[in-house]
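For reference, the structure discussed in these notes is given below.
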Amino acid sequence: MRYGTRRFRKSRLVFGHGTSSAGEEAAYLLAHALKVRPEALPRLLEETPSPRQRAAALRLFERRVNERKPAAYLVHAAWLGDFRFYVDERVIVPRSHIAKVLREELAPWIVEPLEVRAALDLCTGSGCLAILLARAFPRAQVDAADISSSALAVARINVKRYGLGARIRLIESNLFSALGGKHYDLIVSNPPYVTAGGMRRLPREYLHEPRIALAGGRDGLAVVRKILRAAAAHLTPGGLLVVEVGAGRRRTERALPYIEFVWPETGAGHPVFIATREQLLAAK
Ligand SMILES: C[S@@+](CC[C@H](N)C(=O)[O-])C[C@H]1O[C@@H](n2cnc3c(N)ncnc32)[C@H](O)[C@@H]1O
């Protein structure tokens, strides 16, 4: 643990794919080498690893430094809360702040989770949010759409692992284009939202992620604007739109002053907004 942490600090690695420091990243890789969940690690730290475990950990540490790949890609596993997902470089590493509001079944905005019958995860990537939707709203049929067929191949692996094939439909679609006239009680989306300037300055770790999953146009809000224009036509009366914008509340409100968003407590800078179908219609 100590060796990995020091080595990562010295090599000036960048974190943000499920971990936020050299110590956490070393722990993540070490846990994988020891074949335990990351939270089980503290009670093992006084024990001596076998030569094979030590070699496996050192191999992962070296790859992390030399390849500059986020740990999740090296071990093909990412955690969102208590949920583990298969990942590879066809999708971004799951870290959406929307997971936080789904953990609470979107209370108090959704009063009765069992009444959510149709939900959509737009820009589904690995399928992580579609799976959290299916778990939070047990009576919902979930559509999971992405423009990238290779991302959908990863989503298929995760949906199968969670045994949710009967409840989650994977659809190749440029935003709403392949969804026909379908209406949803709830739409969530973590779209690409990195600004053009941000894309030029991306640390090496982020260059392993698909560009199409990150690039959000000049101000980062190009895809968000398209979603806002089309969402009301796909929501049932009283339906909710939940979108992650990354840039945070201030910048989004300045760019889109005509919509009264709600910004739940999901993280620093309030990266997620909620709007109702009626607010979106009024803004039109
Ligand atoms: C930021 S990633 C989010 C992935 C996943 N929902 C998550 O939270 O980890 C954005 C995803 O949007 C997809 N995407 C980009 N443009 C799109 C479009 N016009 N229509 C549908 N999906 C799109 C990308 O392929 C990528 O998988």
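As shown in the structure tokens, the chain order sets the letters A, B, ...; within each chain, residues go from 1, and ligands are also counted from 1 in the order they appear.
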What residues in segment 101-232 of chain A get the DSSP label alpha helix (DSSP H)? Please answer as a count of residues only. 44
Write out as JSON lines a residue-level contact list of chain A versus ligand 1 with cut-off 9 Å: for each qualifying residue the closest pair of atoms and the distance in Å to one decimal, counting only C-alpha atoms and all ligand atoms, rows sorted by chain and residue number upward.
```
{"residue": "A:Arg90", "atom": "CA", "partner": "ligand 1", "partner_atom_place_in_ligand_line": "27 (O)", "distance": 8.1}
{"residue": "A:Val91", "atom": "CA", "partner": "ligand 1", "partner_atom_place_in_ligand_line": "27 (O)", "distance": 5.7}
{"residue": "A:Ile92", "atom": "CA", "partner": "ligand 1", "partner_atom_place_in_ligand_line": "9 (O)", "distance": 5.7}
{"residue": "A:Val93", "atom": "CA", "partner": "ligand 1", "partner_atom_place_in_ligand_line": "9 (O)", "distance": 5.9}
{"residue": "A:Pro94", "atom": "CA", "partner": "ligand 1", "partner_atom_place_in_ligand_line": "9 (O)", "distance": 3.8}
{"residue": "A:Arg95", "atom": "CA", "partner": "ligand 1", "partner_atom_place_in_ligand_line": "9 (O)", "distance": 6.0}
{"residue": "A:Ser96", "atom": "CA", "partner": "ligand 1", "partner_atom_place_in_ligand_line": "8 (O)", "distance": 4.7}
{"residue": "A:His97", "atom": "CA", "partner": "ligand 1", "partner_atom_place_in_ligand_line": "8 (O)", "distance": 8.2}
{"residue": "A:Ile98", "atom": "CA", "partner": "ligand 1", "partner_atom_place_in_ligand_line": "8 (O)", "distance": 7.8}
{"residue": "A:Ala99", "atom": "CA", "partner": "ligand 1", "partner_atom_place_in_ligand_line": "8 (O)", "distance": 8.4}
{"residue": "A:Asp121", "atom": "CA", "partner": "ligand 1", "partner_atom_place_in_ligand_line": "6 (N)", "distance": 7.1}
{"residue": "A:Leu122", "atom": "CA", "partner": "ligand 1", "partner_atom_place_in_ligand_line": "21 (C)", "distance": 6.3}
{"residue": "A:Cys123", "atom": "CA", "partner": "ligand 1", "partner_atom_place_in_ligand_line": "12 (O)", "distance": 3.6}
{"residue": "A:Thr124", "atom": "CA", "partner": "ligand 1", "partner_atom_place_in_ligand_line": "6 (N)", "distance": 3.8}
{"residue": "A:Gly125", "atom": "CA", "partner": "ligand 1", "partner_atom_place_in_ligand_line": "27 (O)", "distance": 3.4}
{"residue": "A:Ser126", "atom": "CA", "partner": "ligand 1", "partner_atom_place_in_ligand_line": "5 (C)", "distance": 5.7}
{"residue": "A:Gly127", "atom": "CA", "partner": "ligand 1", "partner_atom_place_in_ligand_line": "5 (C)", "distance": 6.3}
{"residue": "A:Cys128", "atom": "CA", "partner": "ligand 1", "partner_atom_place_in_ligand_line": "9 (O)", "distance": 6.1}
{"residue": "A:Leu129", "atom": "CA", "partner": "ligand 1", "partner_atom_place_in_ligand_line": "6 (N)", "distance": 5.8}
{"residue": "A:Ala130", "atom": "CA", "partner": "ligand 1", "partner_atom_place_in_ligand_line": "6 (N)", "distance": 7.8}
{"residue": "A:Ala144", "atom": "CA", "partner": "ligand 1", "partner_atom_place_in_ligand_line": "6 (N)", "distance": 9.0}
{"residue": "A:Ala145", "atom": "CA", "partner": "ligand 1", "partner_atom_place_in_ligand_line": "21 (C)", "distance": 6.1}
{"residue": "A:Asp146", "atom": "CA", "partner": "ligand 1", "partner_atom_place_in_ligand_line": "22 (N)", "distance": 3.7}
{"residue": "A:Ile147", "atom": "CA", "partner": "ligand 1", "partner_atom_place_in_ligand_line": "21 (C)", "distance": 4.0}
{"residue": "A:Ser148", "atom": "CA", "partner": "ligand 1", "partner_atom_place_in_ligand_line": "25 (O)", "distance": 4.7}
{"residue": "A:Ser149", "atom": "CA", "partner": "ligand 1", "partner_atom_place_in_ligand_line": "25 (O)", "distance": 8.2}
{"residue": "A:Ser150", "atom": "CA", "partner": "ligand 1", "partner_atom_place_in_ligand_line": "25 (O)", "distance": 8.4}
{"residue": "A:Ala151", "atom": "CA", "partner": "ligand 1", "partner_atom_place_in_ligand_line": "27 (O)", "distance": 5.7}
{"residue": "A:Leu152", "atom": "CA", "partner": "ligand 1", "partner_atom_place_in_ligand_line": "27 (O)", "distance": 8.0}
{"residue": "A:Glu172", "atom": "CA", "partner": "ligand 1", "partner_atom_place_in_ligand_line": "21 (C)", "distance": 7.6}
{"residue": "A:Ser173", "atom": "CA", "partner": "ligand 1", "partner_atom_place_in_ligand_line": "21 (C)", "distance": 5.6}
{"residue": "A:Asn174", "atom": "CA", "partner": "ligand 1", "partner_atom_place_in_ligand_line": "20 (N)", "distance": 3.6}
{"residue": "A:Leu175", "atom": "CA", "partner": "ligand 1", "partner_atom_place_in_ligand_line": "20 (N)", "distance": 3.7}
{"residue": "A:Phe176", "atom": "CA", "partner": "ligand 1", "partner_atom_place_in_ligand_line": "20 (N)", "distance": 7.4}
{"residue": "A:Ser177", "atom": "CA", "partner": "ligand 1", "partner_atom_place_in_ligand_line": "20 (N)", "distance": 8.4}
{"residue": "A:Val188", "atom": "CA", "partner": "ligand 1", "partner_atom_place_in_ligand_line": "6 (N)", "distance": 8.7}
{"residue": "A:Ser189", "atom": "CA", "partner": "ligand 1", "partner_atom_place_in_ligand_line": "6 (N)", "distance": 6.4}
{"residue": "A:Asn190", "atom": "CA", "partner": "ligand 1", "partner_atom_place_in_ligand_line": "3 (C)", "distance": 4.9}
{"residue": "A:Pro191", "atom": "CA", "partner": "ligand 1", "partner_atom_place_in_ligand_line": "10 (C)", "distance": 4.3}
{"residue": "A:Pro192", "atom": "CA", "partner": "ligand 1", "partner_atom_place_in_ligand_line": "1 (C)", "distance": 4.5}
{"residue": "A:Tyr193", "atom": "CA", "partner": "ligand 1", "partner_atom_place_in_ligand_line": "1 (C)", "distance": 7.1}
{"residue": "A:Val194", "atom": "CA", "partner": "ligand 1", "partner_atom_place_in_ligand_line": "1 (C)", "distance": 8.9}
{"residue": "A:Pro210", "atom": "CA", "partner": "ligand 1", "partner_atom_place_in_ligand_line": "25 (O)", "distance": 7.4}
{"residue": "A:Arg211", "atom": "CA", "partner": "ligand 1", "partner_atom_place_in_ligand_line": "24 (C)", "distance": 8.2}
{"residue": "A:Ile212", "atom": "CA", "partner": "ligand 1", "partner_atom_place_in_ligand_line": "15 (C)", "distance": 5.2}
{"residue": "A:Ala213", "atom": "CA", "partner": "ligand 1", "partner_atom_place_in_ligand_line": "26 (C)", "distance": 3.7}
{"residue": "A:Leu214", "atom": "CA", "partner": "ligand 1", "partner_atom_place_in_ligand_line": "1 (C)", "distance": 5.5}
{"residue": "A:Ala215", "atom": "CA", "partner": "ligand 1", "partner_atom_place_in_ligand_line": "15 (C)", "distance": 8.1}
{"residue": "A:Gly216", "atom": "CA", "partner": "ligand 1", "partner_atom_place_in_ligand_line": "16 (N)", "distance": 8.4}
{"residue": "A:Val223", "atom": "CA", "partner": "ligand 1", "partner_atom_place_in_ligand_line": "19 (N)", "distance": 6.8}
{"residue": "A:Lys226", "atom": "CA", "partner": "ligand 1", "partner_atom_place_in_ligand_line": "19 (N)", "distance": 8.7}
{"residue": "A:Glu244", "atom": "CA", "partner": "ligand 1", "partner_atom_place_in_ligand_line": "8 (O)", "distance": 8.7}
```
Can you pull out the residues contacting Ala255 of chain A? Cut-off 9 Å, using only C-alpha atoms, and skip same-chain residues under 3 positions away; I want them as number ranges by chain. A: 219, 221, 250-252, 258
C-alpha atoms of the current selection, written as a PDB file, in the first residue's frame:
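Listed below is the output, selection.pdb:
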```pdb
ATOM      1  CA  ASP A 219     -19.400  25.392 -23.641  1.00  0.00           C
ATOM      2  CA  LEU A 221     -23.715  22.082 -22.995  1.00  0.00           C
ATOM      3  CA  ARG A 250     -23.772  28.588 -11.891  1.00  0.00           C
ATOM      4  CA  ARG A 251     -22.564  28.064 -15.429  1.00  0.00           C
ATOM      5  CA  THR A 252     -25.609  26.098 -16.532  1.00  0.00           C
ATOM      6  CA  TYR A 258     -35.164  30.315 -18.940  1.00  0.00           C
TER       7      TYR A 258
END
```
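Minimum atom-to-atom distance to Glu24 of chain A, evaluated using only C-alpha atoms, belongs to A:Thr5 out of A:Thr236, A:Thr195, A:Thr5, A:Asn158.
Across A:Leu281, A:Leu186, A:Ile131, A:Leu80, the tightest approach to Arg161 of chain A is made by A:Ile131 when counting only C-alpha atoms.
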Can you list every residue in segment 15-260 of chain A that DSSP puts in strand (DSSP E or B), as a compact mmCIF listing (two decimals) with all heavy atoms, in the first residue's frame?
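Output file result_22.txt is given in full below:
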```txt
# COMPACT_ATOMS: atom_id res chain seq x y z
N ALA A 78 -15.52 -1.41 -12.03
CA ALA A 78 -15.74 -0.09 -11.42
C ALA A 78 -16.92 -0.20 -10.46
O ALA A 78 -17.84 -0.99 -10.71
CB ALA A 78 -16.05 0.94 -12.50
N TRP A 79 -16.87 0.58 -9.41
CA TRP A 79 -17.95 0.57 -8.42
C TRP A 79 -18.70 1.89 -8.47
O TRP A 79 -18.11 2.96 -8.56
CB TRP A 79 -17.39 0.40 -7.01
CG TRP A 79 -16.81 -0.96 -6.78
CD1 TRP A 79 -15.53 -1.36 -7.07
CD2 TRP A 79 -17.47 -2.09 -6.22
NE1 TRP A 79 -15.36 -2.67 -6.73
CE2 TRP A 79 -16.53 -3.15 -6.20
CE3 TRP A 79 -18.76 -2.32 -5.74
CZ2 TRP A 79 -16.85 -4.41 -5.70
CZ3 TRP A 79 -19.07 -3.58 -5.25
CH2 TRP A 79 -18.13 -4.60 -5.23
N LEU A 80 -20.04 1.78 -8.41
CA LEU A 80 -20.86 2.97 -8.25
C LEU A 80 -21.71 2.66 -7.02
O LEU A 80 -22.62 1.82 -7.08
CB LEU A 80 -21.73 3.16 -9.50
CG LEU A 80 -22.26 4.54 -9.84
CD1 LEU A 80 -21.22 5.62 -9.76
CD2 LEU A 80 -22.92 4.53 -11.21
N PHE A 83 -22.60 -1.06 -6.23
CA PHE A 83 -22.78 -1.84 -7.46
C PHE A 83 -21.48 -1.90 -8.25
O PHE A 83 -20.84 -0.87 -8.50
CB PHE A 83 -23.89 -1.22 -8.31
CG PHE A 83 -25.24 -1.32 -7.67
CD1 PHE A 83 -25.65 -0.39 -6.72
CD2 PHE A 83 -26.11 -2.35 -8.01
CE1 PHE A 83 -26.89 -0.49 -6.11
CE2 PHE A 83 -27.35 -2.46 -7.41
CZ PHE A 83 -27.74 -1.53 -6.46
N ARG A 84 -21.15 -3.11 -8.67
CA ARG A 84 -19.93 -3.30 -9.44
C ARG A 84 -20.29 -3.47 -10.91
O ARG A 84 -21.24 -4.18 -11.24
CB ARG A 84 -19.25 -4.57 -8.91
CG ARG A 84 -17.96 -4.93 -9.56
CD ARG A 84 -17.54 -6.32 -9.07
NE ARG A 84 -16.60 -6.88 -10.00
CZ ARG A 84 -15.35 -7.22 -9.68
NH1 ARG A 84 -14.93 -7.09 -8.45
NH2 ARG A 84 -14.54 -7.71 -10.57
N PHE A 85 -19.52 -2.84 -11.78
CA PHE A 85 -19.78 -2.94 -13.21
C PHE A 85 -18.53 -3.37 -13.96
O PHE A 85 -17.43 -2.94 -13.63
CB PHE A 85 -20.27 -1.59 -13.76
CG PHE A 85 -21.55 -1.15 -13.13
CD1 PHE A 85 -21.55 -0.21 -12.09
CD2 PHE A 85 -22.76 -1.70 -13.51
CE1 PHE A 85 -22.73 0.18 -11.48
CE2 PHE A 85 -23.95 -1.32 -12.90
CZ PHE A 85 -23.93 -0.37 -11.88
N ALA A 118 -42.21 3.46 -16.60
CA ALA A 118 -41.34 3.54 -17.78
C ALA A 118 -40.25 4.56 -17.51
O ALA A 118 -40.52 5.70 -17.13
CB ALA A 118 -42.16 3.98 -19.00
N ALA A 119 -39.00 4.13 -17.67
CA ALA A 119 -37.86 5.03 -17.40
C ALA A 119 -36.87 4.91 -18.55
O ALA A 119 -36.80 3.88 -19.23
CB ALA A 119 -37.20 4.66 -16.08
N LEU A 120 -36.12 5.99 -18.74
CA LEU A 120 -35.14 6.02 -19.83
C LEU A 120 -33.80 6.49 -19.27
O LEU A 120 -33.73 7.47 -18.54
CB LEU A 120 -35.61 7.01 -20.91
CG LEU A 120 -34.59 7.39 -21.99
CD1 LEU A 120 -34.20 6.19 -22.86
CD2 LEU A 120 -35.15 8.51 -22.88
N ASP A 121 -32.73 5.76 -19.64
CA ASP A 121 -31.37 6.24 -19.37
C ASP A 121 -30.77 6.61 -20.72
O ASP A 121 -30.46 5.74 -21.54
CB ASP A 121 -30.55 5.13 -18.69
CG ASP A 121 -29.08 5.53 -18.53
OD1 ASP A 121 -28.79 6.75 -18.57
OD2 ASP A 121 -28.24 4.63 -18.36
N LEU A 122 -30.68 7.91 -20.95
CA LEU A 122 -30.17 8.42 -22.22
C LEU A 122 -28.66 8.57 -22.09
O LEU A 122 -28.19 9.14 -21.09
CB LEU A 122 -30.83 9.79 -22.46
CG LEU A 122 -30.96 10.30 -23.88
CD1 LEU A 122 -31.66 9.32 -24.79
CD2 LEU A 122 -31.72 11.63 -23.87
N GLN A 141 -40.09 -0.57 -16.59
CA GLN A 141 -39.35 -1.06 -17.75
C GLN A 141 -38.38 0.04 -18.11
O GLN A 141 -38.76 1.22 -18.14
CB GLN A 141 -40.31 -1.30 -18.93
CG GLN A 141 -41.11 -2.60 -18.82
CD GLN A 141 -40.21 -3.84 -18.87
OE1 GLN A 141 -39.23 -3.86 -19.61
NE2 GLN A 141 -40.54 -4.86 -18.07
N VAL A 142 -37.15 -0.30 -18.38
CA VAL A 142 -36.12 0.72 -18.59
C VAL A 142 -35.58 0.62 -20.02
O VAL A 142 -35.17 -0.46 -20.45
CB VAL A 142 -34.97 0.54 -17.58
CG1 VAL A 142 -33.87 1.58 -17.82
CG2 VAL A 142 -35.48 0.63 -16.14
N ASP A 143 -35.59 1.74 -20.73
CA ASP A 143 -34.89 1.82 -22.01
C ASP A 143 -33.53 2.45 -21.75
O ASP A 143 -33.41 3.42 -20.98
CB ASP A 143 -35.67 2.68 -23.02
CG ASP A 143 -36.87 1.94 -23.61
OD1 ASP A 143 -36.97 0.71 -23.37
OD2 ASP A 143 -37.68 2.57 -24.29
N ALA A 144 -32.49 1.88 -22.37
CA ALA A 144 -31.13 2.40 -22.18
C ALA A 144 -30.57 2.69 -23.57
O ALA A 144 -30.37 1.77 -24.36
CB ALA A 144 -30.28 1.36 -21.46
N ALA A 145 -30.37 3.98 -23.87
CA ALA A 145 -29.99 4.36 -25.24
C ALA A 145 -28.58 4.93 -25.28
O ALA A 145 -28.17 5.65 -24.37
CB ALA A 145 -30.99 5.39 -25.77
N ASP A 146 -27.88 4.61 -26.36
CA ASP A 146 -26.55 5.20 -26.57
C ASP A 146 -26.30 5.22 -28.07
O ASP A 146 -26.77 4.35 -28.81
CB ASP A 146 -25.45 4.40 -25.86
CG ASP A 146 -24.21 5.24 -25.60
OD1 ASP A 146 -23.49 5.55 -26.57
OD2 ASP A 146 -23.98 5.62 -24.44
N ILE A 168 -34.56 -4.35 -19.03
CA ILE A 168 -33.80 -3.25 -19.64
C ILE A 168 -33.64 -3.53 -21.13
O ILE A 168 -33.12 -4.57 -21.53
CB ILE A 168 -32.42 -3.09 -18.97
CG1 ILE A 168 -32.59 -2.76 -17.49
CG2 ILE A 168 -31.62 -1.99 -19.68
CD1 ILE A 168 -31.27 -2.57 -16.73
N ARG A 169 -34.10 -2.57 -21.95
CA ARG A 169 -33.96 -2.70 -23.41
C ARG A 169 -32.84 -1.78 -23.85
O ARG A 169 -32.86 -0.58 -23.55
CB ARG A 169 -35.30 -2.27 -24.04
CG ARG A 169 -35.34 -2.41 -25.54
CD ARG A 169 -36.75 -2.19 -26.05
NE ARG A 169 -37.19 -0.81 -25.88
CZ ARG A 169 -37.75 -0.06 -26.85
NH1 ARG A 169 -37.92 -0.57 -28.05
NH2 ARG A 169 -38.14 1.18 -26.61
N LEU A 170 -31.84 -2.35 -24.53
CA LEU A 170 -30.71 -1.55 -25.00
C LEU A 170 -30.99 -1.10 -26.43
O LEU A 170 -31.35 -1.91 -27.27
CB LEU A 170 -29.43 -2.37 -24.94
CG LEU A 170 -29.03 -2.83 -23.53
CD1 LEU A 170 -27.92 -3.87 -23.58
CD2 LEU A 170 -28.59 -1.63 -22.70
N ILE A 171 -30.82 0.20 -26.67
CA ILE A 171 -31.21 0.75 -27.97
C ILE A 171 -30.10 1.63 -28.52
O ILE A 171 -29.64 2.56 -27.83
CB ILE A 171 -32.49 1.62 -27.84
CG1 ILE A 171 -33.59 0.84 -27.14
CG2 ILE A 171 -32.96 2.12 -29.20
CD1 ILE A 171 -34.63 1.72 -26.52
N GLU A 172 -29.70 1.38 -29.75
CA GLU A 172 -28.72 2.27 -30.39
C GLU A 172 -29.50 3.48 -30.91
O GLU A 172 -30.38 3.33 -31.76
CB GLU A 172 -28.02 1.54 -31.53
CG GLU A 172 -26.85 2.32 -32.07
CD GLU A 172 -26.04 1.52 -33.08
OE1 GLU A 172 -25.96 0.28 -32.96
OE2 GLU A 172 -25.51 2.15 -34.00
N TYR A 184 -42.02 8.56 -21.03
CA TYR A 184 -41.40 8.00 -19.82
C TYR A 184 -41.83 8.82 -18.59
O TYR A 184 -41.99 10.03 -18.68
CB TYR A 184 -39.88 8.04 -19.95
CG TYR A 184 -39.37 7.27 -21.15
CD1 TYR A 184 -39.15 7.92 -22.37
CD2 TYR A 184 -39.11 5.91 -21.07
CE1 TYR A 184 -38.70 7.22 -23.48
CE2 TYR A 184 -38.65 5.20 -22.17
CZ TYR A 184 -38.45 5.86 -23.37
OH TYR A 184 -37.99 5.17 -24.47
N ASP A 185 -41.94 8.11 -17.46
CA ASP A 185 -42.21 8.81 -16.19
C ASP A 185 -40.94 9.48 -15.69
O ASP A 185 -40.98 10.45 -14.93
CB ASP A 185 -42.68 7.80 -15.13
CG ASP A 185 -43.89 7.03 -15.61
OD1 ASP A 185 -44.82 7.67 -16.13
OD2 ASP A 185 -43.89 5.78 -15.50
N LEU A 186 -39.81 8.94 -16.12
CA LEU A 186 -38.52 9.43 -15.61
C LEU A 186 -37.47 9.26 -16.70
O LEU A 186 -37.37 8.19 -17.30
CB LEU A 186 -38.15 8.60 -14.37
CG LEU A 186 -36.78 8.80 -13.76
CD1 LEU A 186 -36.61 10.25 -13.28
CD2 LEU A 186 -36.61 7.85 -12.56
N ILE A 187 -36.72 10.34 -16.96
CA ILE A 187 -35.58 10.25 -17.88
C ILE A 187 -34.34 10.70 -17.11
O ILE A 187 -34.34 11.79 -16.52
CB ILE A 187 -35.77 11.17 -19.11
CG1 ILE A 187 -37.02 10.76 -19.90
CG2 ILE A 187 -34.53 11.11 -20.02
CD1 ILE A 187 -37.36 11.69 -21.06
N VAL A 188 -33.30 9.88 -17.10
CA VAL A 188 -32.03 10.33 -16.52
C VAL A 188 -30.98 10.36 -17.63
O VAL A 188 -31.06 9.58 -18.58
CB VAL A 188 -31.52 9.44 -15.35
CG1 VAL A 188 -32.57 9.28 -14.28
CG2 VAL A 188 -31.05 8.10 -15.84
N SER A 189 -30.03 11.27 -17.51
CA SER A 189 -28.96 11.30 -18.50
C SER A 189 -27.68 11.89 -17.92
O SER A 189 -27.70 12.92 -17.26
CB SER A 189 -29.39 12.15 -19.71
OG SER A 189 -28.37 12.08 -20.70
N VAL A 194 -17.95 17.89 -21.35
CA VAL A 194 -16.67 18.58 -21.18
C VAL A 194 -16.56 19.68 -22.25
O VAL A 194 -16.88 19.45 -23.42
CB VAL A 194 -15.48 17.59 -21.30
CG1 VAL A 194 -14.14 18.31 -21.11
CG2 VAL A 194 -15.63 16.46 -20.27
N ALA A 215 -16.87 14.82 -24.93
CA ALA A 215 -16.88 16.13 -25.61
C ALA A 215 -18.28 16.70 -25.73
O ALA A 215 -19.16 16.13 -26.39
CB ALA A 215 -16.24 15.98 -27.00
N LEU A 235 -41.89 12.85 -22.06
CA LEU A 235 -42.23 12.65 -20.64
C LEU A 235 -43.74 12.55 -20.47
O LEU A 235 -44.51 13.24 -21.16
CB LEU A 235 -41.70 13.82 -19.80
CG LEU A 235 -40.20 13.81 -19.50
CD1 LEU A 235 -39.75 15.17 -18.95
CD2 LEU A 235 -39.82 12.69 -18.53
N THR A 236 -44.18 11.73 -19.51
CA THR A 236 -45.60 11.68 -19.16
C THR A 236 -45.91 12.90 -18.29
O THR A 236 -44.98 13.50 -17.72
CB THR A 236 -45.92 10.39 -18.36
OG1 THR A 236 -45.01 10.35 -17.25
CG2 THR A 236 -45.73 9.15 -19.20
N PRO A 237 -47.20 13.30 -18.15
CA PRO A 237 -47.52 14.44 -17.28
C PRO A 237 -46.92 14.22 -15.88
O PRO A 237 -47.03 13.13 -15.32
CB PRO A 237 -49.05 14.43 -17.24
CG PRO A 237 -49.43 13.80 -18.54
CD PRO A 237 -48.38 12.77 -18.84
N GLY A 238 -46.25 15.25 -15.37
CA GLY A 238 -45.60 15.14 -14.05
C GLY A 238 -44.25 14.44 -14.12
O GLY A 238 -43.58 14.30 -13.10
N GLY A 239 -43.86 14.00 -15.32
CA GLY A 239 -42.59 13.25 -15.46
C GLY A 239 -41.38 14.10 -15.16
O GLY A 239 -41.43 15.34 -15.23
N LEU A 240 -40.28 13.44 -14.81
CA LEU A 240 -39.06 14.15 -14.38
C LEU A 240 -37.89 13.91 -15.34
O LEU A 240 -37.70 12.79 -15.82
CB LEU A 240 -38.59 13.63 -13.02
CG LEU A 240 -39.37 13.95 -11.77
CD1 LEU A 240 -38.61 13.39 -10.56
CD2 LEU A 240 -39.56 15.45 -11.62
N LEU A 241 -37.12 14.97 -15.54
CA LEU A 241 -35.86 14.86 -16.28
C LEU A 241 -34.72 15.13 -15.29
O LEU A 241 -34.72 16.15 -14.60
CB LEU A 241 -35.83 15.91 -17.40
CG LEU A 241 -34.50 16.03 -18.16
CD1 LEU A 241 -34.24 14.78 -19.00
CD2 LEU A 241 -34.50 17.27 -19.06
N VAL A 242 -33.75 14.22 -15.24
CA VAL A 242 -32.61 14.37 -14.32
C VAL A 242 -31.34 14.31 -15.17
O VAL A 242 -31.09 13.31 -15.84
CB VAL A 242 -32.59 13.20 -13.30
CG1 VAL A 242 -31.42 13.36 -12.33
CG2 VAL A 242 -33.91 13.13 -12.54
N VAL A 243 -30.57 15.40 -15.16
CA VAL A 243 -29.40 15.47 -16.05
C VAL A 243 -28.17 15.91 -15.27
O VAL A 243 -28.22 16.85 -14.46
CB VAL A 243 -29.65 16.47 -17.22
CG1 VAL A 243 -28.42 16.55 -18.12
CG2 VAL A 243 -30.86 16.05 -18.04
N GLU A 244 -27.05 15.26 -15.55
CA GLU A 244 -25.77 15.68 -14.97
C GLU A 244 -25.11 16.66 -15.95
O GLU A 244 -25.06 16.41 -17.15
CB GLU A 244 -24.88 14.44 -14.76
CG GLU A 244 -23.55 14.78 -14.16
CD GLU A 244 -22.94 13.61 -13.40
OE1 GLU A 244 -23.67 12.69 -13.01
OE2 GLU A 244 -21.72 13.64 -13.20
```
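Residues with any atom within 9 Å of Arg6 of chain A, counting only C-alpha atoms and excluding same-chain neighbours fewer than 4 positions away, are Met1, Arg2, Lys10, Ser11, Ala22 and Gly23 of chain A.
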Could you dump the residues just selected with C-alpha atoms as a tab-separated table (two decimals), in the first residue's frame?
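Writing the result to again30.tsv gives the following:
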```tsv
chain	number	residue	atom	x	y	z
A	1	MET	CA	0.00	0.00	0.00
A	2	ARG	CA	2.72	2.42	1.07
A	10	LYS	CA	5.95	10.63	-7.37
A	11	SER	CA	4.72	9.84	-10.88
A	22	ALA	CA	-2.87	8.03	-4.75
A	23	GLY	CA	-3.70	6.06	-1.58
```
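By only C-alpha atoms, and with residues fewer than 6 positions from Gly163 of chain A along its chain excluded, the set lying at most 12 Å from it is Ile131, Ala134, Arg135, Arg156 and Ile157 of chain A.
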Would you put the residues from that selection into a file with N, CA, C and O atoms, as a CSV table (one decimal), in the first residue's frame?
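That gives us selection_13.csv:
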```
chain,number,residue,atom,x,y,z
A,131,ILE,N,-29.2,0.2,-14.9
A,131,ILE,CA,-29.3,-0.8,-13.9
A,131,ILE,C,-29.7,-0.3,-12.5
A,131,ILE,O,-30.6,-0.8,-11.8
A,134,ALA,N,-33.4,0.4,-12.7
A,134,ALA,CA,-34.2,-0.8,-12.6
A,134,ALA,C,-34.3,-1.3,-11.1
A,134,ALA,O,-35.3,-1.8,-10.7
A,135,ARG,N,-33.2,-1.1,-10.4
A,135,ARG,CA,-33.2,-1.5,-9.0
A,135,ARG,C,-34.0,-0.6,-8.1
A,135,ARG,O,-34.6,-1.0,-7.2
A,156,ARG,N,-24.5,-4.5,-22.4
A,156,ARG,CA,-25.2,-5.8,-22.5
A,156,ARG,C,-24.5,-6.8,-21.5
A,156,ARG,O,-25.2,-7.5,-20.8
A,157,ILE,N,-23.2,-6.7,-21.3
A,157,ILE,CA,-22.5,-7.6,-20.3
A,157,ILE,C,-23.1,-7.3,-18.9
A,157,ILE,O,-23.4,-8.2,-18.2
```
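Taking atom CA of Phe15 of chain A as the reference point, atom CA of Glu265 of chain A is found at 22.5 Å.
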Residues at most 12 Å from segment 31-41 of chain A, counting only C-alpha atoms, excluding those fewer than 5 positions away in the same chain, as an NGL selection string? :A and (1 or 18-19 or 23-26 or 46-61 or 71-72 or 74-79 or 81-84)
Got a sec: who's within 7 Å of segment 100-114 of chain A, counting only C-alpha atoms, leaving out chain neighbours fewer than 6 positions off, as JSON, numbers by chain? {"A": [132, 133, 136, 137, 138, 139, 266]}
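With only C-alpha atoms as the basis for measurement, A:Arg68 is the residue among A:Leu202, A:Lys182, A:Arg43, A:Arg68 that approaches Phe8 of chain A most closely.
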Using Å and a single decimal, report how far atom CA of Ala196 of chain A sits from atom CA of His208 of chain A. 17.2 Å
